[in-house]
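J.: Quick one, data09.txt (compact mmCIF, C-alpha atoms and all ligand atoms):
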```txt
# COMPACT_ATOMS: atom_id res chain seq x y z
CA MET A 1 -14.73 14.42 -23.79
CA ALA A 2 -12.45 16.25 -21.39
CA ARG A 3 -12.92 13.52 -18.84
CA ASP A 4 -11.91 10.86 -21.39
CA ALA A 5 -8.73 12.76 -22.15
CA ARG A 6 -8.06 13.20 -18.46
CA ARG A 7 -8.55 9.50 -17.84
CA ALA A 8 -6.15 8.59 -20.67
CA ILE A 9 -3.50 10.86 -19.18
CA ASP A 10 -4.03 9.57 -15.64
CA GLU A 11 -3.84 5.93 -16.72
CA SER A 12 -0.67 6.64 -18.69
CA ARG A 13 0.81 8.45 -15.70
CA ASP A 14 0.20 5.38 -13.54
CA VAL A 15 1.98 3.16 -16.09
CA LEU A 16 5.00 5.43 -16.41
CA ALA A 17 5.20 5.92 -12.64
CA GLU A 18 5.31 2.22 -11.97
CA LEU A 19 7.93 1.54 -14.64
CA LEU A 20 10.11 4.44 -13.50
CA GLY A 21 9.82 3.62 -9.80
CA ALA A 22 7.97 6.82 -8.97
CA ALA A 23 4.64 7.95 -7.57
CA PRO A 24 2.09 8.95 -10.24
CA SER A 25 2.19 12.54 -8.98
CA ASP A 26 5.98 12.60 -9.59
CA VAL A 27 5.56 12.18 -13.36
CA VAL A 28 5.63 15.39 -15.43
CA PHE A 29 4.82 14.89 -19.10
CA THR A 30 6.98 16.90 -21.50
CA SER A 31 7.58 17.23 -25.22
CA GLY A 32 10.53 14.81 -25.04
CA GLY A 33 13.92 14.15 -23.53
CA THR A 34 15.34 17.57 -24.28
CA GLU A 35 12.60 19.40 -22.45
CA ALA A 36 12.78 16.98 -19.53
CA ASP A 37 16.57 17.47 -19.27
CA ASN A 38 16.29 21.25 -19.53
CA LEU A 39 13.54 21.34 -16.92
CA ALA A 40 15.61 19.24 -14.51
CA VAL A 41 18.87 21.17 -14.81
CA LEU A 42 17.66 24.72 -15.38
CA GLY A 43 14.62 24.25 -13.13
CA ALA A 44 16.87 23.14 -10.27
CA LEU A 45 19.30 26.00 -10.81
CA ASP A 46 16.48 28.54 -10.93
CA ALA A 47 15.03 27.13 -7.71
CA ARG A 48 18.24 26.81 -5.75
CA GLY A 49 20.93 28.97 -7.35
CA GLY A 50 24.42 27.55 -7.02
CA VAL A 51 26.43 25.51 -9.48
CA ALA A 52 25.49 22.67 -11.85
CA VAL A 53 27.75 19.70 -12.55
CA CYS A 54 27.40 17.06 -15.26
CA SER A 55 29.55 14.41 -16.87
CA ALA A 56 31.54 15.46 -19.93
CA VAL A 57 29.69 12.90 -22.06
CA GLU A 58 26.10 14.07 -21.50
CA HIS A 59 23.71 14.63 -24.37
CA HIS A 60 23.70 18.30 -25.38
CA ALA A 61 20.27 18.71 -23.75
CA VAL A 62 22.07 18.48 -20.40
CA LEU A 63 25.57 19.58 -21.40
CA ASP A 64 24.54 22.86 -22.99
CA ALA A 65 22.25 23.70 -20.06
CA VAL A 66 25.09 23.14 -17.58
CA VAL A 67 27.78 24.86 -19.64
CA GLY A 68 25.44 27.76 -20.48
CA ARG A 69 25.07 28.47 -16.77
CA GLY A 70 28.81 28.30 -16.08
CA GLY A 71 28.68 24.81 -14.58
CA ARG A 72 31.43 22.23 -14.12
CA LEU A 73 32.14 19.06 -16.08
CA ALA A 74 33.30 15.72 -14.71
CA PRO A 75 35.54 13.85 -17.15
CA THR A 76 35.37 10.14 -17.95
CA ASP A 77 38.08 7.54 -18.18
CA ALA A 78 39.18 6.05 -21.51
CA ALA A 79 36.26 3.60 -21.45
CA GLY A 80 33.74 6.45 -21.15
CA VAL A 81 32.88 5.83 -17.49
CA VAL A 82 32.71 8.84 -15.17
CA ASP A 83 35.95 9.08 -13.19
CA LEU A 84 34.76 9.13 -9.57
CA GLU A 85 37.90 10.76 -8.25
CA ARG A 86 37.70 13.61 -10.72
CA LEU A 87 33.97 13.96 -10.16
CA GLY A 88 34.75 14.30 -6.45
CA ASP A 89 37.15 17.14 -7.31
CA VAL A 90 34.34 19.28 -8.80
CA LEU A 91 31.78 18.60 -6.05
CA ASP A 92 31.41 20.94 -3.09
CA ASP A 93 28.73 22.72 -1.03
CA ASP A 94 28.00 25.19 -3.86
CA VAL A 95 26.77 22.44 -6.18
CA THR A 96 22.97 22.25 -6.33
CA ILE A 97 22.35 19.89 -9.26
CA VAL A 98 24.40 17.01 -10.61
CA SER A 99 23.37 15.27 -13.83
CA VAL A 100 24.85 11.98 -15.02
CA MET A 101 23.20 9.91 -17.73
CA MET A 102 22.31 6.28 -17.21
CA ALA A 103 23.53 5.14 -20.64
CA ASN A 104 25.41 7.10 -23.26
CA ASN A 105 23.75 7.81 -26.60
CA GLU A 106 26.92 7.37 -28.68
CA THR A 107 28.77 4.47 -27.10
CA GLY A 108 26.00 2.88 -25.00
CA VAL A 109 28.26 2.90 -21.92
CA VAL A 110 26.34 2.54 -18.65
CA GLN A 111 27.36 4.74 -15.72
CA PRO A 112 27.65 3.47 -12.13
CA LEU A 113 24.79 5.62 -10.85
CA ALA A 114 24.65 4.22 -7.30
CA ASP A 115 28.34 5.01 -6.69
CA ILE A 116 27.98 8.43 -8.30
CA ALA A 117 24.87 9.29 -6.25
CA GLU A 118 26.59 8.20 -3.05
CA LEU A 119 29.55 10.47 -3.83
CA VAL A 120 27.24 13.37 -4.66
CA ARG A 121 25.28 13.01 -1.40
CA ARG A 122 28.54 12.98 0.56
CA ARG A 123 30.41 15.81 -1.18
CA SER A 124 27.49 18.02 -2.25
CA PRO A 125 24.73 17.53 0.32
CA ASN A 126 22.76 20.44 -1.15
CA ALA A 127 22.62 18.92 -4.62
CA LEU A 128 19.78 17.23 -6.45
CA PHE A 129 20.77 14.25 -8.56
CA HIS A 130 19.35 13.96 -12.09
CA THR A 131 19.79 11.12 -14.53
CA ASP A 132 19.01 11.21 -18.24
CA ALA A 133 17.60 7.72 -18.82
CA VAL A 134 16.54 8.45 -22.41
CA GLN A 135 18.82 5.78 -23.92
CA ALA A 136 18.41 3.39 -21.03
CA PHE A 137 14.72 2.59 -20.83
CA CYS A 138 14.73 0.07 -23.67
CA TRP A 139 17.47 -1.98 -22.09
CA LEU A 140 17.69 -1.40 -18.36
CA ASP A 141 15.41 -1.52 -15.35
CA VAL A 142 15.26 2.24 -14.88
CA ALA A 143 13.04 1.99 -11.79
CA ALA A 144 15.72 0.06 -9.93
CA LEU A 145 18.81 1.84 -11.27
CA ALA A 146 17.39 5.36 -10.92
CA SER A 147 16.01 4.87 -7.43
CA VAL A 148 19.01 6.94 -6.28
CA ALA A 149 17.95 9.92 -8.43
CA ASP A 150 15.70 12.84 -7.54
CA LEU A 151 14.99 13.59 -11.21
CA ILE A 152 14.77 11.17 -14.20
CA SER A 153 14.27 11.98 -17.91
CA VAL A 154 12.82 9.63 -20.54
CA SER A 155 11.71 10.07 -24.15
CA ALA A 156 9.05 7.93 -25.88
CA HIS A 157 10.64 7.66 -29.31
CA LYS A 158 13.62 5.79 -27.90
CA PHE A 159 11.42 2.86 -26.90
CA GLY A 160 9.01 2.62 -29.80
CA GLY A 161 6.60 5.35 -28.74
CA PRO A 162 5.69 8.48 -30.68
CA LYS A 163 8.11 11.32 -31.30
CA GLY A 164 7.66 14.56 -29.41
CA VAL A 165 6.65 13.24 -26.00
CA GLY A 166 8.61 12.35 -22.89
CA ALA A 167 8.55 12.69 -19.14
CA LEU A 168 10.50 13.99 -16.20
CA VAL A 169 10.17 12.28 -12.86
CA ALA A 170 10.46 15.02 -10.24
CA ARG A 171 9.98 13.37 -6.89
CA ARG A 172 7.72 15.09 -4.37
CA GLY A 173 9.59 17.60 -2.27
CA VAL A 174 12.12 18.20 -5.07
CA ALA A 175 11.67 21.89 -5.83
CA ILE A 176 12.27 22.99 -9.42
CA VAL A 177 11.08 26.10 -11.23
CA PRO A 178 8.98 25.50 -14.38
CA ARG A 179 10.21 26.66 -17.79
CA ALA A 180 6.67 26.90 -19.19
CA VAL A 181 4.13 28.83 -17.11
CA GLY A 182 0.45 29.28 -17.80
CA GLY A 183 -2.45 26.95 -17.11
CA GLY A 184 -0.68 25.07 -14.32
CA GLN A 185 -0.89 21.59 -15.85
CA GLU A 186 1.48 18.86 -14.64
CA ARG A 187 1.63 20.11 -11.02
CA GLY A 188 2.40 23.56 -12.37
CA LEU A 189 5.78 22.27 -13.60
CA ARG A 190 4.85 22.21 -17.28
CA SER A 191 1.94 24.36 -18.27
CA GLY A 192 0.21 23.78 -21.57
CA THR A 193 -2.41 21.37 -22.86
CA GLN A 194 -0.96 17.87 -22.76
CA ASN A 195 -0.22 15.82 -25.88
CA VAL A 196 -2.90 13.26 -25.01
CA ALA A 197 -2.35 10.89 -27.94
CA GLY A 198 1.41 11.06 -27.51
CA ILE A 199 1.20 10.38 -23.79
CA ALA A 200 -1.14 7.41 -24.29
CA GLY A 201 1.17 6.05 -27.01
CA MET A 202 4.19 6.46 -24.76
CA ALA A 203 2.50 4.48 -21.99
CA VAL A 204 1.62 1.60 -24.33
CA ALA A 205 5.17 1.52 -25.70
CA ALA A 206 6.64 1.68 -22.17
CA ARG A 207 4.50 -1.24 -21.01
CA GLU A 208 5.40 -3.38 -24.04
CA THR A 209 9.08 -2.49 -23.74
CA ALA A 210 9.26 -3.41 -20.07
CA ALA A 211 7.31 -6.65 -20.56
CA GLU A 212 9.64 -7.78 -23.38
CA ARG A 213 12.81 -6.21 -22.04
CA ASP A 214 14.70 -9.26 -20.77
CA ALA A 215 14.03 -11.26 -23.92
CA THR A 216 14.88 -8.31 -26.19
CA VAL A 217 18.12 -7.57 -24.38
CA ALA A 218 19.25 -11.20 -24.56
CA ARG A 219 18.46 -11.46 -28.26
CA VAL A 220 19.79 -8.06 -29.34
CA ALA A 221 23.01 -8.28 -27.30
CA LEU A 222 23.94 -11.41 -29.26
CA LEU A 223 23.15 -9.66 -32.55
CA ARG A 224 25.18 -6.61 -31.52
CA ASP A 225 28.14 -8.74 -30.47
CA ARG A 226 28.05 -10.64 -33.77
CA LEU A 227 27.84 -7.36 -35.70
CA ALA A 228 30.70 -5.73 -33.80
CA ALA A 229 32.91 -8.82 -33.96
CA GLY A 230 32.26 -9.19 -37.69
CA LEU A 231 33.21 -5.58 -38.37
CA CYS A 232 36.30 -5.76 -36.18
CA ALA A 233 37.53 -8.77 -38.16
CA ALA A 234 39.24 -8.34 -41.53
CA PRO A 235 38.54 -6.94 -44.04
CA ALA A 236 36.75 -4.04 -42.29
CA SER A 237 39.11 -4.29 -39.29
CA ALA A 238 37.28 -1.76 -37.15
CA ILE A 239 38.17 -1.05 -33.55
CA ASP A 240 35.38 -1.54 -31.02
CA THR A 241 35.33 1.76 -29.11
CA VAL A 242 34.25 0.22 -25.81
CA ASP A 243 35.69 -3.26 -26.33
CA GLY A 244 34.50 -4.87 -23.11
CA ARG A 245 36.09 -2.23 -20.90
CA ALA A 246 32.75 -0.94 -19.57
CA PRO A 247 29.19 -2.20 -19.25
CA ARG A 248 27.02 -1.05 -22.12
CA ILE A 249 23.44 -1.36 -23.33
CA ALA A 250 22.64 -4.04 -25.90
CA GLY A 251 21.46 -1.74 -28.67
CA ILE A 252 24.62 0.09 -29.76
CA ALA A 253 27.71 -0.98 -31.67
CA HIS A 254 30.25 1.84 -31.76
CA LEU A 255 33.21 1.34 -34.05
CA LEU A 256 36.23 3.26 -35.27
CA PHE A 257 37.47 2.74 -38.83
CA GLU A 258 41.01 3.86 -39.57
CA GLU A 259 41.76 5.72 -42.83
CA ILE A 260 38.10 6.59 -43.26
CA GLU A 261 36.00 9.72 -42.80
CA SER A 262 32.65 8.94 -41.18
CA GLU A 263 30.95 11.41 -43.47
CA SER A 264 31.95 9.49 -46.62
CA LEU A 265 31.12 6.16 -45.04
CA LEU A 266 27.66 7.34 -44.02
CA PHE A 267 27.07 8.59 -47.53
CA VAL A 268 27.92 5.21 -49.08
CA LEU A 269 25.97 3.28 -46.43
CA GLU A 270 22.88 5.39 -46.94
CA ASP A 271 23.06 4.61 -50.62
CA GLU A 272 23.09 0.90 -49.76
CA GLY A 273 20.17 1.18 -47.35
CA VAL A 274 22.08 1.06 -44.07
CA ALA A 275 20.94 3.80 -41.69
CA ALA A 276 23.79 4.68 -39.37
CA SER A 277 25.32 7.71 -37.74
CA ALA A 278 28.72 9.03 -36.85
CA ALA A 279 27.92 10.05 -33.32
CA SER A 280 24.57 10.56 -31.69
CA SER A 281 21.53 9.67 -33.76
CA CYS A 282 19.47 12.43 -32.25
CA SER A 283 21.40 15.60 -32.95
CA SER A 284 20.65 17.65 -35.99
CA GLY A 285 23.11 15.86 -38.26
CA ALA A 286 25.98 18.27 -37.83
CA MET A 287 29.31 16.54 -38.26
CA ALA A 288 31.05 18.21 -35.35
CA SER A 289 33.62 16.01 -33.64
CA SER A 290 32.24 14.02 -30.75
CA HIS A 291 32.67 15.41 -27.24
CA VAL A 292 32.08 11.86 -25.99
CA LEU A 293 35.06 10.44 -27.86
CA GLY A 294 37.02 13.56 -26.86
CA SER A 295 36.38 12.82 -23.19
CA MET A 296 37.52 9.22 -23.72
CA GLY A 297 40.78 10.53 -25.15
CA VAL A 298 40.20 9.06 -28.63
CA PRO A 299 42.56 11.00 -30.93
CA ALA A 300 40.80 13.28 -33.43
CA ASP A 301 41.98 11.35 -36.51
CA ARG A 302 40.58 8.12 -35.08
CA ALA A 303 37.34 9.77 -33.93
CA GLY A 304 36.90 11.00 -37.51
CA GLY A 305 36.21 7.42 -38.56
CA ALA A 306 33.51 6.68 -35.99
CA LEU A 307 30.40 4.71 -36.84
CA ARG A 308 27.45 4.11 -34.55
CA LEU A 309 25.10 1.29 -35.53
CA SER A 310 21.92 0.98 -33.48
CA LEU A 311 19.86 -2.14 -32.97
CA GLY A 312 16.40 -2.39 -31.48
CA TRP A 313 13.53 -4.73 -30.78
CA SER A 314 12.75 -4.93 -34.51
CA THR A 315 16.33 -5.73 -35.63
CA THR A 316 16.68 -9.21 -37.13
CA ALA A 317 19.55 -11.59 -37.83
CA ASP A 318 19.03 -10.80 -41.53
CA ASP A 319 19.61 -7.10 -40.83
CA VAL A 320 22.91 -7.95 -39.18
CA ASP A 321 23.89 -10.25 -42.07
CA ALA A 322 23.13 -7.44 -44.51
CA ALA A 323 25.20 -4.93 -42.51
CA LEU A 324 28.07 -7.42 -42.32
CA GLU A 325 28.08 -7.64 -46.07
CA ILE A 326 27.51 -3.97 -46.90
CA VAL A 327 29.70 -2.17 -44.35
CA PRO A 328 32.98 -4.02 -45.08
CA ARG A 329 32.38 -3.53 -48.82
CA ALA A 330 31.82 0.21 -48.30
CA VAL A 331 34.89 0.45 -46.09
CA ALA A 332 37.05 -1.37 -48.63
CA ARG A 333 35.80 0.92 -51.40
CA LEU A 334 36.62 4.05 -49.44
CA ARG A 335 40.01 2.79 -48.29
CA ALA A 336 40.88 1.98 -51.90
CA LEU A 337 39.97 5.54 -52.87
CA VAL A 338 42.07 7.02 -50.08
CA GLY A 339 45.03 4.73 -50.58
CA GLY A 340 44.78 4.68 -54.36
CA ARG A 341 44.73 0.90 -54.00
N1 LIG A 401 19.17 12.52 -23.97
C1 LIG A 401 19.69 11.49 -24.64
C2 LIG A 401 20.67 10.59 -23.94
C3 LIG A 401 19.35 11.25 -25.98
O1 LIG A 401 19.88 10.24 -26.64
C4 LIG A 401 18.44 12.13 -26.61
C5 LIG A 401 18.11 11.91 -28.03
O2 LIG A 401 17.11 12.05 -28.55
C6 LIG A 401 17.89 13.19 -25.85
C7 LIG A 401 18.29 13.36 -24.55
C8 LIG A 401 16.91 14.14 -26.44
O3 LIG A 401 15.64 13.57 -26.44
P1 LIG A 401 14.50 14.13 -27.44
O4 LIG A 401 14.98 13.83 -28.81
O5 LIG A 401 13.27 13.38 -27.05
O6 LIG A 401 14.36 15.58 -27.17
```
Output the structure of this file as structure tokens.
Ligand code: PLP

T.:
Amino acid sequence: MARDARRAIDESRDVLAELLGAAPSDVVFTSGGTEADNLAVLGALDARGGVAVCSAVEHHAVLDAVVGRGGRLAPTDAAGVVDLERLGDVLDDDVTIVSVMMANNETGVVQPLADIAELVRRRSPNALFHTDAVQAFCWLDVAALASVADLISVSAHKFGGPKGVGALVARRGVAIVPRAVGGGQERGLRSGTQNVAGIAGMAVAARETAAERDATVARVALLRDRLAAGLCAAPASAIDTVDGRAPRIAGIAHLLFEEIESESLLFVLEDEGVAASAASSCSSGAMASSHVLGSMGVPADRAGGALRLSLGWSTTADDVDAALEIVPRAVARLRALVGGR
């Protein structure tokens, strides 16, 4: 029985390794993206000392680890892309880990990882480079784009796998200190009995996702564009937060509605069967203002009317038609309440 479990894990490791552009022994299974991000950033700091740097728009799993250890943030431009000049300003010989996500979980904006990695190698030669590819795997060839990274995080539930399982690629020779010690599983980097069913499910989902990726991206990008364009037109008259100014993944439409509070809009949409979120879909639901929009310089009153609609492999044209009917109606209802119209 133990051998069967072992085989399932090994076969899954081979699948993930190939799809992430890593050697099987580089893949460390974790409980998800958060643990992988924490292990990368905190594990590198514990191994090497020094200073951590990340972009100002990282998921909190990276951001809070960096800020909690007194690290430095690299701001983005108004489109949400890391500003290379300002990143250069916070890089020096003291920096030992730099973390920049592949695609943002609120706006979907894709970062220029090759340029960022090149800058990091030049300005901070002692630094490891980590990328959080949690939002990217569905849509982008992570193996190719993250070949410049020493450490890569993914999470199964973002690409149709089970919740509560993920992986960190930690390439051989990249020294990090484990957060969980004990039985020495996963090269000693993550002790504890592995989540065998979760890992096997993640590998199946990863294989399916990669095999269908090009077709899914082409189909969903059209749906997303139709959805965003429809909501930007009257009567909803939203503003597209990214609006063609930066490359972005196919699965996110991020919109700003003037005169509306996201919280009220989400409440009405939920009632009508539209699942949406104001910012990231994977934080605990707190309605704190978005640090991502803050970094892009979106004024607080505008950010207060943010709506993030996600699409995936299972999204259909009918879903988009339904959203295009329901969202403008909800927006009109709320604006009428606010304006007394
Ligand atoms: N990083 C990004 C970019 C995310 O969108 C998420 C959301 O779930 C995470 C990390 C955290 O991953 P998990 O929920 O698997 O812990």

J.: Tell me, counting all atoms listed in the file, for each residue of chain A within 8 Å of ligand LIG 401 (chain A), which pair of atoms is nearest and how far apart they are in Å to one decimal, in rows ordered by chain and increasing number, as CSV.

T.:
```
residue,atom,partner,partner_atom,distance
A:Ser31,CA,A:LIG401,O5,7.1
A:Gly32,CA,A:LIG401,O5,3.7
A:Gly33,CA,A:LIG401,O3,3.4
A:Thr34,CA,A:LIG401,O6,3.6
A:Glu35,CA,A:LIG401,O6,6.3
A:Ala36,CA,A:LIG401,O6,7.9
A:Asp37,CA,A:LIG401,C7,6.9
A:Glu58,CA,A:LIG401,C2,6.9
A:His59,CA,A:LIG401,N1,5.0
A:His60,CA,A:LIG401,C7,7.4
A:Ala61,CA,A:LIG401,C7,5.8
A:Val62,CA,A:LIG401,N1,7.5
A:Met101,CA,A:LIG401,C2,6.7
A:Ala103,CA,A:LIG401,C2,7.0
A:Asn104,CA,A:LIG401,C2,5.9
A:Asn105,CA,A:LIG401,O1,4.6
A:Glu106,CA,A:LIG401,O1,7.9
A:Asp132,CA,A:LIG401,N1,5.9
A:Ala133,CA,A:LIG401,C2,6.6
A:Val134,CA,A:LIG401,C2,4.9
A:Gln135,CA,A:LIG401,C2,5.2
A:Ser153,CA,A:LIG401,N1,7.8
A:Val154,CA,A:LIG401,O5,7.5
A:Ser155,CA,A:LIG401,O5,4.7
A:Ala156,CA,A:LIG401,O5,7.0
A:His157,CA,A:LIG401,O5,6.7
A:Lys158,CA,A:LIG401,O2,7.2
A:Lys163,CA,A:LIG401,O5,7.0
A:Gly164,CA,A:LIG401,O5,6.2
A:Val165,CA,A:LIG401,O5,6.7
A:Gly166,CA,A:LIG401,O5,6.3
A:Ser280,CA,A:LIG401,O1,6.9
A:Ser281,CA,A:LIG401,C5,7.0
A:Cys282,CA,A:LIG401,O2,4.4
A:Ser283,CA,A:LIG401,C5,7.0
```

J.: Within 10 Å of range 185-191 of chain A, which residues of range 16-128 of chain A show up? Give each one with its shortest atom-to-atom distance in Å (one decimal) and the two atoms involved, counting only C-alpha atoms, rows by chain then rising residue number, as JSON lines.

T.:
```
{"residue": "A:Ser25", "atom": "CA", "partner": "A:Arg187", "partner_atom": "CA", "distance": 7.9}
{"residue": "A:Asp26", "atom": "CA", "partner": "A:Arg187", "partner_atom": "CA", "distance": 8.8}
{"residue": "A:Val27", "atom": "CA", "partner": "A:Glu186", "partner_atom": "CA", "distance": 7.9}
{"residue": "A:Val28", "atom": "CA", "partner": "A:Glu186", "partner_atom": "CA", "distance": 5.5}
{"residue": "A:Phe29", "atom": "CA", "partner": "A:Glu186", "partner_atom": "CA", "distance": 6.8}
{"residue": "A:Thr30", "atom": "CA", "partner": "A:Arg190", "partner_atom": "CA", "distance": 7.1}
{"residue": "A:Ser31", "atom": "CA", "partner": "A:Arg190", "partner_atom": "CA", "distance": 9.8}
{"residue": "A:Glu35", "atom": "CA", "partner": "A:Arg190", "partner_atom": "CA", "distance": 9.7}
{"residue": "A:Ala36", "atom": "CA", "partner": "A:Arg190", "partner_atom": "CA", "distance": 9.8}
{"residue": "A:Leu39", "atom": "CA", "partner": "A:Leu189", "partner_atom": "CA", "distance": 8.5}
{"residue": "A:Gly43", "atom": "CA", "partner": "A:Leu189", "partner_atom": "CA", "distance": 9.1}
```

J.: If you measure from CA of Ala47 in chain A to CA of Gly68 in chain A, what distance in Å do you get, rounded to one decimal?

T.: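 Straight-line distance from CA of Ala47 in chain A to CA of Gly68 in chain A works out to 16.5 Å.
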
J.: When distances are computed from all atoms listed in the file, which of A:Leu307, A:Pro162, A:Ala229, A:Leu19 shows the smallest separation from Ile199 in chain A?

T.: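 Answer, going by the shortest atom-to-atom distance: A:Pro162.
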
J.: Which residues are close to Ala330 in chain A, i.e. within 7 Å by only C-alpha atoms, leaving aside same-chain residues fewer than 4 positions away? Reply as a PyMOL selection string.

T.: chain A and resi 265+268-269+326+334

J.: Would you list the contacts of Ala144 in chain A as JSON, numbers by chain, taking every protein, DNA or RNA residue within 9 Å and counting only C-alpha atoms, but skipping same-chain residues closer than 3 positions in sequence?

T.: {"A": [20, 21, 140, 141, 147, 148]}

J.: Just give me the gap between CA of Leu119 in chain A and CA of Ser99 in chain A in Å, one decimal is fine.

T.: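 Straight-line distance from CA of Leu119 in chain A to CA of Ser99 in chain A works out to 12.7 Å.
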
J.: CA of Gly339 in chain A and CA of Pro235 in chain A are how many Å apart?

T.: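 Going from CA of Gly339 in chain A over to CA of Pro235 in chain A, I get 14.9 Å.
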
J.: Hey, what's within 12 Å of Asp77 in chain A if we count only C-alpha atoms and toss same-chain stuff fewer than 2 positions away? As a JSON list (two decimals) with C-alpha atoms, in the coordinates of the input, please?

T.:
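Here's the written file around.json:
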```json
[["chain", "number", "residue", "atom", "x", "y", "z"],
["A", 55, "SER", "CA", 29.55, 14.41, -16.87],
["A", 56, "ALA", "CA", 31.54, 15.46, -19.93],
["A", 57, "VAL", "CA", 29.69, 12.90, -22.06],
["A", 74, "ALA", "CA", 33.30, 15.72, -14.71],
["A", 75, "PRO", "CA", 35.54, 13.85, -17.15],
["A", 79, "ALA", "CA", 36.26, 3.60, -21.45],
["A", 80, "GLY", "CA", 33.74, 6.45, -21.15],
["A", 81, "VAL", "CA", 32.88, 5.83, -17.49],
["A", 82, "VAL", "CA", 32.71, 8.84, -15.17],
["A", 83, "ASP", "CA", 35.95, 9.08, -13.19],
["A", 84, "LEU", "CA", 34.76, 9.13, -9.57],
["A", 85, "GLU", "CA", 37.90, 10.76, -8.25],
["A", 86, "ARG", "CA", 37.70, 13.61, -10.72],
["A", 87, "LEU", "CA", 33.97, 13.96, -10.16],
["A", 109, "VAL", "CA", 28.26, 2.90, -21.92],
["A", 111, "GLN", "CA", 27.36, 4.74, -15.72],
["A", 242, "VAL", "CA", 34.25, 0.22, -25.81],
["A", 245, "ARG", "CA", 36.09, -2.23, -20.90],
["A", 246, "ALA", "CA", 32.75, -0.94, -19.57],
["A", 292, "VAL", "CA", 32.08, 11.86, -25.99],
["A", 293, "LEU", "CA", 35.06, 10.44, -27.86],
["A", 294, "GLY", "CA", 37.02, 13.56, -26.86],
["A", 295, "SER", "CA", 36.38, 12.82, -23.19],
["A", 296, "MET", "CA", 37.52, 9.22, -23.72],
["A", 297, "GLY", "CA", 40.78, 10.53, -25.15],
["A", 298, "VAL", "CA", 40.20, 9.06, -28.63]]
```

J.: Do you know which residues are at most 12 Å from Arg6 in chain A counting all atoms listed in the file, after dropping those on the same chain fewer than 4 positions away, and could you put them as a PyMOL selection string?

T.: chain A and resi 1-2+10-13+185-186+193-197+199-200

J.: Pick out the residues sitting within 8 Å of Ala114 in chain A, and hand them over as a PyMOL selection string; count only C-alpha atoms, and ignore anything fewer than 3 positions along from it in its own chain.

T.: chain A and resi 117-118+145+148

J.: Let me make sure I understand: among A:Pro125, A:Gly49, A:Gly198, A:Gly244, which one has the smallest atom-to-atom distance to Val177 in chain A if we use all atoms listed in the file?

T.: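 Comparing A:Pro125, A:Gly49, A:Gly198, A:Gly244 against Val177 in chain A, the winner is A:Gly49.
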
J.: List every protein, DNA or RNA residue with an atom no more than 12 Å from (28.8, 19.3, -3.0) in the file's coordinates, counting only C-alpha atoms, and format the result as number ranges by chain.

T.: A: 50-53, 72, 87-98, 117-129

J.: Using only C-alpha atoms for the distances, tell me which of A:Ala238, A:Ala205, A:Ala210, A:Ala78 is nearest to Glu18 in chain A.

T.: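 Using only C-alpha atoms, the shortest distance to Glu18 in chain A belongs to A:Ala210.
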
J.: Hey, which of A:Leu324, A:Cys138, A:Ile252, A:Ala317 ends up closest to Val274 in chain A? Count all atoms listed in the file.

T.: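 Distance minimum relative to Val274 in chain A lands on A:Leu324.
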
J.: Considering all atoms listed in the file, can you say which of A:Ala22, A:Ala236, A:Ala203, A:Ala250 comes closest to Ala218 in chain A?

T.: A:Ala250

J.: Pick the closest to Glu325 in chain A from A:Val338, A:Arg3, A:Leu231, A:Glu259: which is it, counting only C-alpha atoms?

T.: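 Counting only C-alpha atoms, the residue closest to Glu325 in chain A is A:Leu231.
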